[in-house]
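A.B. asks: Have a look at this one.
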Amino acid sequence: MSLPASVDETLALLGQANYVADRSLATAVYLALSLGRPLFLEGEAGVGKTEIAKVLAAALGRKLIRLQCYEGLDIASAVYEWNYARQMIEIRLGEASGAKREGIEDEIFSDRFLIRRPLLQALEPDAAGPPVLLIDELDRTDEPFEAYLLEVLSDYQVTIPEIGTIKAPAPPIVIVTSNRTREIHDALKRRCFYYWVDYPSAAREAQILKVRCPGAGEALSKQVVAFVQALRKMDLFKLPGVAETIDWTHALMQLDAFELDRDTVNDTLGTLLKYQDDIARIQGSEATRILNQVKAEVAASGAA
């Protein structure tokens, strides 16, 4: 499928893949796609950054290649490595057959013994079009690897000493995400379009639930959204993201809940909050207070 030709088409494309985006995010995605620049998405965990790459790959019919970042990630795991075991076998076979040393060296450092990792895979031609490369949670890597990415993201090429430079025939669609556990260097940000993915407004979160949890009743969805929005105004260690809102709604539907009540909220807070200190603070009287406030707000909005 071809790339969208406007912001409206980008909104429609994301909507087809059940991603409810606001116009500013769709504009950033459209510009990144149309100008061939990587899109750097930063924001709290669970706000839908990774999902953007997944829905783009699905909507455009492109392959999704994911590089999950972590501390200690190196070139061998992210770009390429040589198949040493097969190289050793080839060397011994060559020596046994009397082959010349130069010939053996040329053979073992050929394409046949190269193991391609995500970054190198993303630079290869694909009949369906350039793939979507997701570099997920870049803030988890070390700075030397972040520096290595500069060549990849600016020239879409990598250099393998034994072979030379491999350049993508067409740039992949690159989505870089960060949860901002540390600052990413300006040199890398300059190569990307930057967009801060914030928590959704109540209206957009309700729309997300309508798309992602179509079986949830209107009353339950409104109360869930209002409850989550109220939690995000509190000083918790980890605020619930959109992913937690969806998970909580699915859990409530599994319990055949048609609306929130005190016991159900207390019993399912672990789906919404991921730290015991946060759960202990909300569980009980605080949950009841928020619930009463939520029901009053929903009733007032219905009466208006």
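Note on naming: chains are A, B, ... as they come in the structure tokens, residues start from 1 per chain, ligands start from 1 in the order shown.
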Please identify all polymer residues within 12 Å of Arg86 (chain A), counting only C-alpha atoms, omitting same-chain residues fewer than 5 positions from it, and present them as a PyMOL selection string.

C.D. replies: chain A and resi 91-93+107-110+112-115

A.B. asks: Can I get the selection written as an mmCIF file, in the first residue's frame, with all heavy atoms?

C.D. replies:
data_model
loop_
_atom_site.group_PDB
_atom_site.id
_atom_site.type_symbol
_atom_site.label_atom_id
_atom_site.label_comp_id
_atom_site.auth_asym_id
_atom_site.auth_seq_id
_atom_site.Cartn_x
_atom_site.Cartn_y
_atom_site.Cartn_z
ATOM 1 N N ILE A 91 36.806 -23.752 7.427
ATOM 2 C CA ILE A 91 38.276 -23.663 7.453
ATOM 3 C C ILE A 91 38.894 -25.061 7.473
ATOM 4 O O ILE A 91 39.848 -25.356 6.725
ATOM 5 C CB ILE A 91 38.726 -22.855 8.684
ATOM 6 C CG1 ILE A 91 38.346 -21.382 8.498
ATOM 7 C CG2 ILE A 91 40.226 -22.982 8.902
ATOM 8 C CD1 ILE A 91 38.547 -20.543 9.749
ATOM 9 N N ARG A 92 38.357 -25.924 8.303
ATOM 10 C CA ARG A 92 38.925 -27.277 8.408
ATOM 11 C C ARG A 92 38.721 -28.074 7.122
ATOM 12 O O ARG A 92 39.596 -28.830 6.697
ATOM 13 C CB ARG A 92 38.294 -28.006 9.597
ATOM 14 C CG ARG A 92 38.793 -27.446 10.928
ATOM 15 C CD ARG A 92 38.084 -28.042 12.103
ATOM 16 N NE ARG A 92 38.592 -27.454 13.344
ATOM 17 C CZ ARG A 92 38.038 -27.635 14.529
ATOM 18 N NH1 ARG A 92 36.955 -28.386 14.640
ATOM 19 N NH2 ARG A 92 38.551 -27.074 15.610
ATOM 20 N N LEU A 93 37.548 -27.875 6.507
ATOM 21 C CA LEU A 93 37.307 -28.557 5.223
ATOM 22 C C LEU A 93 38.261 -28.030 4.152
ATOM 23 O O LEU A 93 38.786 -28.790 3.338
ATOM 24 C CB LEU A 93 35.850 -28.339 4.784
ATOM 25 C CG LEU A 93 34.777 -29.072 5.594
ATOM 26 C CD1 LEU A 93 33.379 -28.636 5.154
ATOM 27 C CD2 LEU A 93 34.935 -30.584 5.440
ATOM 28 N N GLU A 107 36.133 -16.855 1.375
ATOM 29 C CA GLU A 107 34.891 -17.624 1.479
ATOM 30 C C GLU A 107 34.207 -17.444 2.838
ATOM 31 O O GLU A 107 32.996 -17.246 2.915
ATOM 32 C CB GLU A 107 35.187 -19.111 1.237
ATOM 33 C CG GLU A 107 33.963 -20.007 1.294
ATOM 34 C CD GLU A 107 32.944 -19.681 0.223
ATOM 35 O OE1 GLU A 107 33.328 -19.117 -0.830
ATOM 36 O OE2 GLU A 107 31.753 -19.970 0.445
ATOM 37 N N ILE A 108 34.977 -17.500 3.930
ATOM 38 C CA ILE A 108 34.338 -17.478 5.263
ATOM 39 C C ILE A 108 33.813 -16.092 5.624
ATOM 40 O O ILE A 108 32.968 -15.967 6.511
ATOM 41 C CB ILE A 108 35.313 -17.965 6.368
ATOM 42 C CG1 ILE A 108 36.533 -17.040 6.456
ATOM 43 C CG2 ILE A 108 35.706 -19.404 6.143
ATOM 44 C CD1 ILE A 108 37.447 -17.386 7.617
ATOM 45 N N PHE A 109 34.307 -15.053 4.958
ATOM 46 C CA PHE A 109 33.753 -13.712 5.197
ATOM 47 C C PHE A 109 32.833 -13.295 4.045
ATOM 48 O O PHE A 109 32.829 -12.153 3.603
ATOM 49 C CB PHE A 109 34.865 -12.695 5.394
ATOM 50 C CG PHE A 109 35.588 -12.871 6.698
ATOM 51 C CD1 PHE A 109 36.915 -13.242 6.730
ATOM 52 C CD2 PHE A 109 34.916 -12.700 7.902
ATOM 53 C CE1 PHE A 109 37.578 -13.427 7.930
ATOM 54 C CE2 PHE A 109 35.567 -12.877 9.114
ATOM 55 C CZ PHE A 109 36.904 -13.253 9.132
ATOM 56 N N SER A 110 32.071 -14.244 3.571
ATOM 57 C CA SER A 110 31.103 -13.965 2.510
ATOM 58 C C SER A 110 29.693 -13.935 3.092
ATOM 59 O O SER A 110 29.468 -14.234 4.270
ATOM 60 C CB SER A 110 31.190 -15.034 1.414
ATOM 61 O OG SER A 110 30.768 -16.288 1.930
ATOM 62 N N ARG A 112 27.374 -15.891 2.869
ATOM 63 C CA ARG A 112 26.897 -17.192 3.347
ATOM 64 C C ARG A 112 27.062 -17.368 4.849
ATOM 65 O O ARG A 112 26.327 -18.124 5.478
ATOM 66 C CB ARG A 112 27.673 -18.287 2.594
ATOM 67 C CG ARG A 112 27.009 -19.641 2.539
ATOM 68 C CD ARG A 112 27.442 -20.399 1.302
ATOM 69 N NE ARG A 112 28.861 -20.640 1.280
ATOM 70 C CZ ARG A 112 29.436 -21.738 1.784
ATOM 71 N NH1 ARG A 112 28.716 -22.660 2.360
ATOM 72 N NH2 ARG A 112 30.748 -21.899 1.695
ATOM 73 N N PHE A 113 28.008 -16.676 5.438
ATOM 74 C CA PHE A 113 28.291 -16.857 6.866
ATOM 75 C C PHE A 113 27.873 -15.649 7.695
ATOM 76 O O PHE A 113 28.211 -15.535 8.863
ATOM 77 C CB PHE A 113 29.792 -17.132 7.075
ATOM 78 C CG PHE A 113 30.242 -18.392 6.415
ATOM 79 C CD1 PHE A 113 30.739 -18.381 5.119
ATOM 80 C CD2 PHE A 113 30.147 -19.601 7.079
ATOM 81 C CE1 PHE A 113 31.153 -19.553 4.501
ATOM 82 C CE2 PHE A 113 30.547 -20.782 6.471
ATOM 83 C CZ PHE A 113 31.049 -20.763 5.173
ATOM 84 N N LEU A 114 27.154 -14.745 7.093
ATOM 85 C CA LEU A 114 26.735 -13.519 7.778
ATOM 86 C C LEU A 114 25.357 -13.726 8.419
ATOM 87 O O LEU A 114 24.401 -14.115 7.744
ATOM 88 C CB LEU A 114 26.676 -12.358 6.780
ATOM 89 C CG LEU A 114 26.421 -10.968 7.359
ATOM 90 C CD1 LEU A 114 27.565 -10.543 8.278
ATOM 91 C CD2 LEU A 114 26.233 -9.954 6.228
ATOM 92 N N ILE A 115 25.266 -13.464 9.726
ATOM 93 C CA ILE A 115 23.979 -13.546 10.427
ATOM 94 C C ILE A 115 23.438 -12.131 10.563
ATOM 95 O O ILE A 115 24.058 -11.279 11.195
ATOM 96 C CB ILE A 115 24.146 -14.190 11.822
ATOM 97 C CG1 ILE A 115 24.696 -15.607 11.691
ATOM 98 C CG2 ILE A 115 22.806 -14.207 12.558
ATOM 99 C CD1 ILE A 115 25.014 -16.267 13.024
#

A.B. asks: List the neighbours of Met1 (chain A) out to 10 Å using only C-alpha atoms; skip same-chain residues closer than 4 positions along the sequence, and give me the result as a PyMOL selection string.

C.D. replies: chain A and resi 59-62+128-129

A.B. asks: Tell me, as a ChimeraX atom specification, which residues lie within 7 Å of Lys63 (chain A), counting only C-alpha atoms; anything in the same chain fewer than 3 positions away does not count.

C.D. replies: /A:57,131-132

A.B. asks: Write out as a list in words each polymer residue whose atoms come within 7 Å of Tyr194 (chain A), counting only C-alpha atoms; drop sequence neighbours fewer than 3 positions from it.

C.D. replies: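 Result of the neighbour search: Leu39, Phe40, Leu41 and Lys189 of chain A.
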
A.B. asks: I need the residue nearest Val152 (chain A) from this list: A:Leu3, A:Ile166, A:Ala251, A:Leu273. Use only C-alpha atoms for the distance.

C.D. replies: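 The answer is A:Ile166, which sits nearest to Val152 (chain A).
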
A.B. asks: Write out as a list of chain:residue names each polymer residue whose atoms come within 12 Å of Asp256 (chain A), counting only C-alpha atoms; drop sequence neighbours fewer than 6 positions from it.

C.D. replies: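 Residues meeting the cut-off are A:Gly215, A:Ala216, A:Gly217, A:Leu220, A:Thr249, A:His250, A:Thr264.
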
A.B. asks: Go ahead and write the selection's residues with N, CA, C and O atoms as an mmCIF file, in the first residue's frame.

C.D. replies:
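See part.cif below for the written result:
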data_model
loop_
_atom_site.group_PDB
_atom_site.id
_atom_site.type_symbol
_atom_site.label_atom_id
_atom_site.label_comp_id
_atom_site.auth_asym_id
_atom_site.auth_seq_id
_atom_site.Cartn_x
_atom_site.Cartn_y
_atom_site.Cartn_z
ATOM 1 N N GLY A 215 -17.086 -4.314 23.288
ATOM 2 C CA GLY A 215 -18.113 -4.996 24.066
ATOM 3 C C GLY A 215 -18.443 -4.336 25.382
ATOM 4 O O GLY A 215 -19.406 -4.729 26.057
ATOM 5 N N ALA A 216 -17.644 -3.345 25.765
ATOM 6 C CA ALA A 216 -17.898 -2.665 27.044
ATOM 7 C C ALA A 216 -19.095 -1.731 26.895
ATOM 8 O O ALA A 216 -19.225 -1.024 25.904
ATOM 9 N N GLY A 217 -19.965 -1.735 27.878
ATOM 10 C CA GLY A 217 -21.121 -0.856 27.836
ATOM 11 C C GLY A 217 -20.712 0.606 27.975
ATOM 12 O O GLY A 217 -19.612 0.923 28.453
ATOM 13 N N LEU A 220 -20.087 1.662 31.698
ATOM 14 C CA LEU A 220 -18.813 1.168 32.220
ATOM 15 C C LEU A 220 -17.644 1.944 31.614
ATOM 16 O O LEU A 220 -16.719 2.347 32.328
ATOM 17 N N THR A 249 -10.362 -2.516 31.437
ATOM 18 C CA THR A 249 -11.698 -2.672 30.857
ATOM 19 C C THR A 249 -11.948 -4.121 30.457
ATOM 20 O O THR A 249 -13.028 -4.674 30.709
ATOM 21 N N HIS A 250 -10.935 -4.749 29.846
ATOM 22 C CA HIS A 250 -11.093 -6.165 29.491
ATOM 23 C C HIS A 250 -11.301 -7.018 30.737
ATOM 24 O O HIS A 250 -12.115 -7.957 30.734
ATOM 25 N N THR A 264 -15.361 -4.338 43.251
ATOM 26 C CA THR A 264 -14.720 -4.682 41.974
ATOM 27 C C THR A 264 -13.483 -3.814 41.746
ATOM 28 O O THR A 264 -12.436 -4.302 41.288
#

A.B. asks: Closest to Arg37 (chain A) among A:Pro171, A:Pro240, A:Gly72, A:Pro214, using only C-alpha atoms?

C.D. replies: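 Smallest distance to Arg37 (chain A) is found for A:Pro171.
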
A.B. asks: In Å to one decimal, how far is CA of Leu260 (chain A) from CA of Asn292 (chain A)?

C.D. replies: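 Taking CA of Asn292 (chain A) as the start and CA of Leu260 (chain A) as the end point, the length is 10.0 Å.
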
A.B. asks: Which one of A:Met253, A:Ala127, A:Ile208, A:Leu239 sits closest to Asp278 (chain A) if you count only C-alpha atoms?

C.D. replies: A:Leu239

A.B. asks: DSSP on the backbone, alpha helix (DSSP H) only: what residues of region 52-285 of chain A does that give? Format it as a short mmCIF file (atom, residue, chain, number, x, y, z; two decimals) with N, CA and C atoms, in the first residue's frame.

C.D. replies:
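Full text of selection-v9.cif as output:
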data_model
loop_
_atom_site.label_atom_id
_atom_site.label_comp_id
_atom_site.auth_asym_id
_atom_site.auth_seq_id
_atom_site.Cartn_x
_atom_site.Cartn_y
_atom_site.Cartn_z
N ILE A 52 2.29 2.54 17.50
CA ILE A 52 2.34 3.29 16.23
C ILE A 52 3.08 2.49 15.16
N ALA A 53 4.22 1.92 15.52
CA ALA A 53 5.00 1.13 14.56
C ALA A 53 4.22 -0.10 14.10
N LYS A 54 3.56 -0.74 15.05
CA LYS A 54 2.81 -1.95 14.71
C LYS A 54 1.66 -1.64 13.74
N VAL A 55 0.92 -0.57 14.03
CA VAL A 55 -0.24 -0.27 13.17
C VAL A 55 0.22 0.24 11.80
N LEU A 56 1.34 0.96 11.75
CA LEU A 56 1.85 1.41 10.45
C LEU A 56 2.23 0.21 9.58
N ALA A 57 2.93 -0.76 10.19
CA ALA A 57 3.32 -1.95 9.44
C ALA A 57 2.08 -2.70 8.94
N ALA A 58 1.09 -2.84 9.82
CA ALA A 58 -0.11 -3.58 9.44
C ALA A 58 -0.90 -2.82 8.37
N ALA A 59 -1.05 -1.51 8.55
CA ALA A 59 -1.87 -0.73 7.63
C ALA A 59 -1.22 -0.59 6.26
N LEU A 60 0.11 -0.49 6.24
CA LEU A 60 0.81 -0.32 4.96
C LEU A 60 1.20 -1.64 4.31
N ILE A 75 26.66 -4.41 18.82
CA ILE A 75 26.50 -4.53 17.37
C ILE A 75 26.18 -5.97 16.97
N ALA A 76 26.78 -6.93 17.67
CA ALA A 76 26.54 -8.33 17.32
C ALA A 76 25.07 -8.71 17.47
N SER A 77 24.39 -8.10 18.43
CA SER A 77 22.98 -8.42 18.66
C SER A 77 22.06 -7.54 17.84
N ALA A 78 22.53 -6.34 17.47
CA ALA A 78 21.65 -5.39 16.80
C ALA A 78 21.87 -5.33 15.29
N TYR A 84 30.51 -18.17 13.55
CA TYR A 84 31.86 -18.69 13.82
C TYR A 84 31.92 -20.21 13.72
N ALA A 85 30.89 -20.90 14.17
CA ALA A 85 30.90 -22.36 14.14
C ALA A 85 31.00 -22.86 12.70
N ARG A 86 30.17 -22.27 11.82
CA ARG A 86 30.21 -22.70 10.41
C ARG A 86 31.52 -22.27 9.75
N GLN A 87 32.06 -21.13 10.18
CA GLN A 87 33.35 -20.69 9.62
C GLN A 87 34.46 -21.68 9.97
N MET A 88 34.45 -22.16 11.22
CA MET A 88 35.48 -23.11 11.64
C MET A 88 35.40 -24.40 10.83
N ILE A 89 34.16 -24.87 10.60
CA ILE A 89 33.99 -26.08 9.79
C ILE A 89 34.52 -25.86 8.38
N GLU A 90 34.21 -24.69 7.82
CA GLU A 90 34.66 -24.37 6.46
C GLU A 90 36.19 -24.32 6.40
N ILE A 91 36.81 -23.75 7.43
CA ILE A 91 38.28 -23.66 7.45
C ILE A 91 38.89 -25.06 7.47
N ARG A 92 38.36 -25.92 8.30
CA ARG A 92 38.93 -27.28 8.41
C ARG A 92 38.72 -28.07 7.12
N LEU A 93 37.55 -27.88 6.51
CA LEU A 93 37.31 -28.56 5.22
C LEU A 93 38.26 -28.03 4.15
N GLY A 94 38.50 -26.72 4.18
CA GLY A 94 39.41 -26.12 3.21
C GLY A 94 40.83 -26.61 3.40
N GLU A 95 41.27 -26.69 4.67
CA GLU A 95 42.62 -27.16 4.95
C GLU A 95 42.78 -28.62 4.54
N ALA A 96 41.72 -29.41 4.79
CA ALA A 96 41.79 -30.83 4.43
C ALA A 96 41.87 -31.04 2.93
N SER A 97 41.24 -30.13 2.17
CA SER A 97 41.24 -30.27 0.71
C SER A 97 42.44 -29.61 0.06
N ARG A 101 45.05 -20.39 1.51
CA ARG A 101 44.58 -19.59 2.65
C ARG A 101 43.74 -18.40 2.20
N GLU A 102 44.21 -17.71 1.13
CA GLU A 102 43.47 -16.53 0.67
C GLU A 102 42.06 -16.89 0.22
N GLY A 103 41.94 -18.03 -0.42
CA GLY A 103 40.63 -18.47 -0.89
C GLY A 103 39.70 -18.79 0.26
N ILE A 104 40.27 -19.39 1.30
CA ILE A 104 39.45 -19.74 2.47
C ILE A 104 38.96 -18.46 3.15
N GLU A 105 39.85 -17.47 3.29
CA GLU A 105 39.45 -16.21 3.95
C GLU A 105 38.35 -15.51 3.18
N ASP A 106 38.47 -15.49 1.86
CA ASP A 106 37.43 -14.85 1.05
C ASP A 106 36.08 -15.55 1.24
N GLU A 107 36.13 -16.86 1.38
CA GLU A 107 34.89 -17.62 1.48
C GLU A 107 34.21 -17.44 2.84
N ILE A 108 34.98 -17.50 3.93
CA ILE A 108 34.34 -17.48 5.26
C ILE A 108 33.81 -16.09 5.62
N PRO A 118 18.46 -7.23 13.45
CA PRO A 118 17.39 -6.32 13.01
C PRO A 118 17.83 -5.12 12.16
N LEU A 119 18.89 -4.41 12.55
CA LEU A 119 19.26 -3.21 11.79
C LEU A 119 19.68 -3.55 10.37
N LEU A 120 20.45 -4.63 10.21
CA LEU A 120 20.88 -5.03 8.87
C LEU A 120 19.69 -5.55 8.05
N GLN A 121 18.79 -6.28 8.70
CA GLN A 121 17.58 -6.77 8.01
C GLN A 121 16.76 -5.61 7.45
N ALA A 122 16.71 -4.50 8.23
CA ALA A 122 15.89 -3.36 7.81
C ALA A 122 16.45 -2.64 6.60
N GLU A 143 25.21 4.75 25.84
CA GLU A 143 25.48 5.86 24.91
C GLU A 143 26.32 5.45 23.69
N PRO A 144 27.33 4.55 23.84
CA PRO A 144 28.09 4.15 22.64
C PRO A 144 27.22 3.55 21.55
N PHE A 145 26.22 2.76 21.92
CA PHE A 145 25.35 2.19 20.89
C PHE A 145 24.48 3.27 20.28
N GLU A 146 24.04 4.20 21.11
CA GLU A 146 23.25 5.33 20.59
C GLU A 146 24.07 6.10 19.55
N ALA A 147 25.37 6.27 19.81
CA ALA A 147 26.24 6.96 18.85
C ALA A 147 26.37 6.16 17.56
N TYR A 148 26.39 4.83 17.68
CA TYR A 148 26.50 4.00 16.49
C TYR A 148 25.30 4.20 15.56
N LEU A 149 24.14 4.47 16.16
CA LEU A 149 22.93 4.63 15.36
C LEU A 149 22.96 5.87 14.45
N LEU A 150 23.85 6.80 14.74
CA LEU A 150 23.88 8.04 13.96
C LEU A 150 24.07 7.77 12.47
N GLU A 151 24.99 6.86 12.14
CA GLU A 151 25.23 6.52 10.73
C GLU A 151 24.00 5.82 10.14
N VAL A 152 23.42 4.94 10.93
CA VAL A 152 22.28 4.17 10.42
C VAL A 152 21.11 5.10 10.13
N LEU A 153 20.82 6.04 11.04
CA LEU A 153 19.63 6.88 10.89
C LEU A 153 19.83 8.07 9.94
N SER A 154 21.06 8.42 9.66
CA SER A 154 21.28 9.55 8.75
C SER A 154 21.51 9.08 7.32
N ASP A 155 22.24 7.98 7.14
CA ASP A 155 22.58 7.51 5.78
C ASP A 155 21.94 6.18 5.43
N ASP A 186 21.33 15.01 21.67
CA ASP A 186 20.76 15.90 20.66
C ASP A 186 21.12 15.48 19.24
N ALA A 187 22.33 14.91 19.06
CA ALA A 187 22.76 14.52 17.71
C ALA A 187 21.81 13.51 17.10
N LEU A 188 21.30 12.62 17.91
CA LEU A 188 20.36 11.63 17.39
C LEU A 188 18.98 12.26 17.16
N LYS A 189 18.58 13.11 18.11
CA LYS A 189 17.26 13.75 17.97
C LYS A 189 17.21 14.61 16.71
N ALA A 202 -9.86 12.83 28.07
CA ALA A 202 -10.97 11.92 28.40
C ALA A 202 -11.75 11.53 27.15
N ALA A 203 -11.97 12.52 26.28
CA ALA A 203 -12.75 12.24 25.06
C ALA A 203 -12.03 11.23 24.16
N ARG A 204 -10.71 11.43 24.00
CA ARG A 204 -9.97 10.50 23.12
C ARG A 204 -9.84 9.13 23.76
N GLU A 205 -9.68 9.09 25.08
CA GLU A 205 -9.57 7.79 25.75
C GLU A 205 -10.90 7.02 25.64
N ALA A 206 -12.01 7.75 25.70
CA ALA A 206 -13.32 7.10 25.52
C ALA A 206 -13.43 6.53 24.10
N GLN A 207 -12.90 7.29 23.14
CA GLN A 207 -12.92 6.82 21.75
C GLN A 207 -12.04 5.59 21.58
N ILE A 208 -10.90 5.59 22.26
CA ILE A 208 -9.99 4.43 22.20
C ILE A 208 -10.69 3.19 22.75
N LEU A 209 -11.39 3.34 23.88
CA LEU A 209 -12.10 2.20 24.45
C LEU A 209 -13.20 1.70 23.52
N LYS A 210 -13.84 2.63 22.85
CA LYS A 210 -14.92 2.26 21.93
C LYS A 210 -14.37 1.38 20.81
N VAL A 211 -13.13 1.69 20.37
CA VAL A 211 -12.52 0.92 19.28
C VAL A 211 -11.90 -0.37 19.79
N ARG A 212 -11.18 -0.30 20.92
CA ARG A 212 -10.42 -1.45 21.40
C ARG A 212 -11.22 -2.38 22.30
N GLU A 218 -21.61 1.49 27.57
CA GLU A 218 -21.30 2.92 27.61
C GLU A 218 -21.08 3.40 29.04
N ALA A 219 -21.93 2.92 29.97
CA ALA A 219 -21.81 3.35 31.36
C ALA A 219 -20.47 2.93 31.95
N LEU A 220 -20.09 1.66 31.70
CA LEU A 220 -18.81 1.17 32.22
C LEU A 220 -17.64 1.94 31.61
N SER A 221 -17.68 2.17 30.30
CA SER A 221 -16.58 2.88 29.63
C SER A 221 -16.41 4.29 30.20
N LYS A 222 -17.53 4.98 30.38
CA LYS A 222 -17.45 6.35 30.92
C LYS A 222 -16.85 6.36 32.32
N GLN A 223 -17.26 5.41 33.16
CA GLN A 223 -16.75 5.37 34.52
C GLN A 223 -15.27 4.98 34.54
N VAL A 224 -14.89 4.03 33.70
CA VAL A 224 -13.47 3.63 33.63
C VAL A 224 -12.61 4.82 33.24
N VAL A 225 -13.01 5.52 32.19
CA VAL A 225 -12.22 6.68 31.72
C VAL A 225 -12.14 7.74 32.81
N ALA A 226 -13.25 8.04 33.45
CA ALA A 226 -13.24 9.07 34.49
C ALA A 226 -12.39 8.65 35.67
N PHE A 227 -12.42 7.37 36.03
CA PHE A 227 -11.61 6.87 37.15
C PHE A 227 -10.12 6.98 36.82
N VAL A 228 -9.76 6.56 35.62
CA VAL A 228 -8.34 6.60 35.22
C VAL A 228 -7.85 8.05 35.13
N GLN A 229 -8.70 8.90 34.56
CA GLN A 229 -8.31 10.32 34.46
C GLN A 229 -8.11 10.92 35.85
N ALA A 230 -8.93 10.52 36.81
CA ALA A 230 -8.78 11.02 38.18
C ALA A 230 -7.46 10.52 38.79
N LEU A 231 -7.11 9.27 38.53
CA LEU A 231 -5.85 8.73 39.06
C LEU A 231 -4.65 9.49 38.50
N VAL A 242 -2.58 4.19 28.66
CA VAL A 242 -3.72 3.72 27.86
C VAL A 242 -3.77 2.20 27.86
N ALA A 243 -2.61 1.57 27.81
CA ALA A 243 -2.58 0.10 27.81
C ALA A 243 -3.24 -0.45 29.07
N GLU A 244 -3.00 0.20 30.21
CA GLU A 244 -3.62 -0.26 31.46
C GLU A 244 -5.13 -0.01 31.45
N THR A 245 -5.56 1.11 30.86
CA THR A 245 -7.00 1.38 30.75
C THR A 245 -7.69 0.27 29.96
N ILE A 246 -7.08 -0.12 28.85
CA ILE A 246 -7.66 -1.18 28.01
C ILE A 246 -7.66 -2.51 28.76
N ASP A 247 -6.53 -2.81 29.42
CA ASP A 247 -6.45 -4.07 30.18
C ASP A 247 -7.50 -4.11 31.29
N TRP A 248 -7.68 -2.98 31.98
CA TRP A 248 -8.65 -2.93 33.08
C TRP A 248 -10.07 -3.14 32.56
N THR A 249 -10.36 -2.52 31.44
CA THR A 249 -11.70 -2.67 30.86
C THR A 249 -11.95 -4.12 30.46
N HIS A 250 -10.94 -4.75 29.85
CA HIS A 250 -11.09 -6.16 29.49
C HIS A 250 -11.30 -7.02 30.74
N ALA A 251 -10.57 -6.70 31.81
CA ALA A 251 -10.73 -7.47 33.05
C ALA A 251 -12.13 -7.29 33.62
N LEU A 252 -12.63 -6.07 33.60
CA LEU A 252 -13.98 -5.81 34.12
C LEU A 252 -15.04 -6.51 33.27
N MET A 253 -14.84 -6.53 31.95
CA MET A 253 -15.77 -7.25 31.08
C MET A 253 -15.74 -8.75 31.38
N GLN A 254 -14.54 -9.25 31.66
CA GLN A 254 -14.41 -10.68 32.00
C GLN A 254 -15.18 -11.01 33.27
N ARG A 262 -17.44 -0.55 44.48
CA ARG A 262 -16.29 -0.48 45.37
C ARG A 262 -15.48 -1.79 45.40
N ASP A 263 -16.16 -2.91 45.55
CA ASP A 263 -15.45 -4.19 45.68
C ASP A 263 -14.71 -4.55 44.39
N THR A 264 -15.36 -4.34 43.25
CA THR A 264 -14.72 -4.68 41.97
C THR A 264 -13.48 -3.81 41.75
N VAL A 265 -13.58 -2.53 42.07
CA VAL A 265 -12.43 -1.64 41.90
C VAL A 265 -11.28 -2.11 42.79
N ASN A 266 -11.57 -2.39 44.04
CA ASN A 266 -10.51 -2.81 44.97
C ASN A 266 -9.86 -4.13 44.53
N ASP A 267 -10.69 -5.03 43.99
CA ASP A 267 -10.16 -6.35 43.61
C ASP A 267 -9.36 -6.33 42.31
N THR A 268 -9.53 -5.31 41.50
CA THR A 268 -8.88 -5.30 40.17
C THR A 268 -7.86 -4.17 40.01
N LEU A 269 -7.52 -3.51 41.09
CA LEU A 269 -6.56 -2.39 40.98
C LEU A 269 -5.21 -2.83 40.43
N GLY A 270 -4.87 -4.10 40.65
CA GLY A 270 -3.58 -4.61 40.14
C GLY A 270 -3.49 -4.62 38.63
N THR A 271 -4.62 -4.56 37.96
CA THR A 271 -4.61 -4.48 36.50
C THR A 271 -4.28 -3.06 36.05
N LEU A 272 -4.59 -2.12 36.93
CA LEU A 272 -4.46 -0.71 36.57
C LEU A 272 -3.16 -0.09 37.10
N GLN A 276 2.88 -1.74 44.45
CA GLN A 276 2.10 -2.03 45.65
C GLN A 276 1.84 -0.77 46.46
N ASP A 277 2.80 0.14 46.51
CA ASP A 277 2.59 1.38 47.27
C ASP A 277 1.42 2.18 46.69
N ASP A 278 1.32 2.21 45.35
CA ASP A 278 0.21 2.91 44.71
C ASP A 278 -1.12 2.22 45.01
N ILE A 279 -1.11 0.88 44.94
CA ILE A 279 -2.34 0.13 45.20
C ILE A 279 -2.79 0.34 46.64
N ALA A 280 -1.82 0.26 47.58
CA ALA A 280 -2.16 0.42 49.00
C ALA A 280 -2.73 1.82 49.27
N ARG A 281 -2.24 2.80 48.53
CA ARG A 281 -2.71 4.16 48.75
C ARG A 281 -4.15 4.35 48.25
N ILE A 282 -4.48 3.70 47.12
CA ILE A 282 -5.79 3.90 46.50
C ILE A 282 -6.84 2.97 47.09
N SER A 285 -10.70 3.39 51.21
CA SER A 285 -11.46 4.64 51.30
C SER A 285 -11.17 5.60 50.14
#

A.B. asks: For Gly43 (chain A), list every protein, DNA or RNA residue within 9 Å, evaluated using only C-alpha atoms, and leave out those in the same chain fewer than 2 positions away; present the list as a count of residues only.

C.D. replies: 15

A.B. asks: What separation in Å, quoted to one decimal, exists between CA of Pro161 (chain A) and CA of Gly98 (chain A)?

C.D. replies: 27.0 Å

A.B. asks: Smallest atom-to-atom distance to Val20 (chain A): which of A:Glu71, A:Glu44, A:Glu51, A:Glu81, using only C-alpha atoms?

C.D. replies: A:Glu51

A.B. asks: For the strand (DSSP E) assignment from backbone DSSP, which residues of region 38-107 of chain A qualify? Please present them as a ChimeraX atom specification.

C.D. replies: /A:39-42,64-68,80-82

A.B. asks: Store the residues picked out above, limited to C-alpha atoms, as a short mmCIF file (atom, residue, chain, number, x, y, z; two decimals), in the first residue's frame.

C.D. replies:
data_model
loop_
_atom_site.label_atom_id
_atom_site.label_comp_id
_atom_site.auth_asym_id
_atom_site.auth_seq_id
_atom_site.Cartn_x
_atom_site.Cartn_y
_atom_site.Cartn_z
CA LEU A 39 10.06 9.53 13.97
CA PHE A 40 11.23 9.85 17.58
CA LEU A 41 8.36 9.24 20.01
CA GLU A 42 8.95 10.05 23.65
CA LEU A 64 7.78 -4.98 11.04
CA ILE A 65 11.36 -5.38 12.27
CA ARG A 66 11.76 -4.71 15.99
CA LEU A 67 14.97 -3.95 17.83
CA GLN A 68 14.20 -4.12 21.56
CA TYR A 80 25.29 -8.54 12.45
CA GLU A 81 27.69 -11.23 13.53
CA TRP A 82 29.63 -13.95 11.80
#
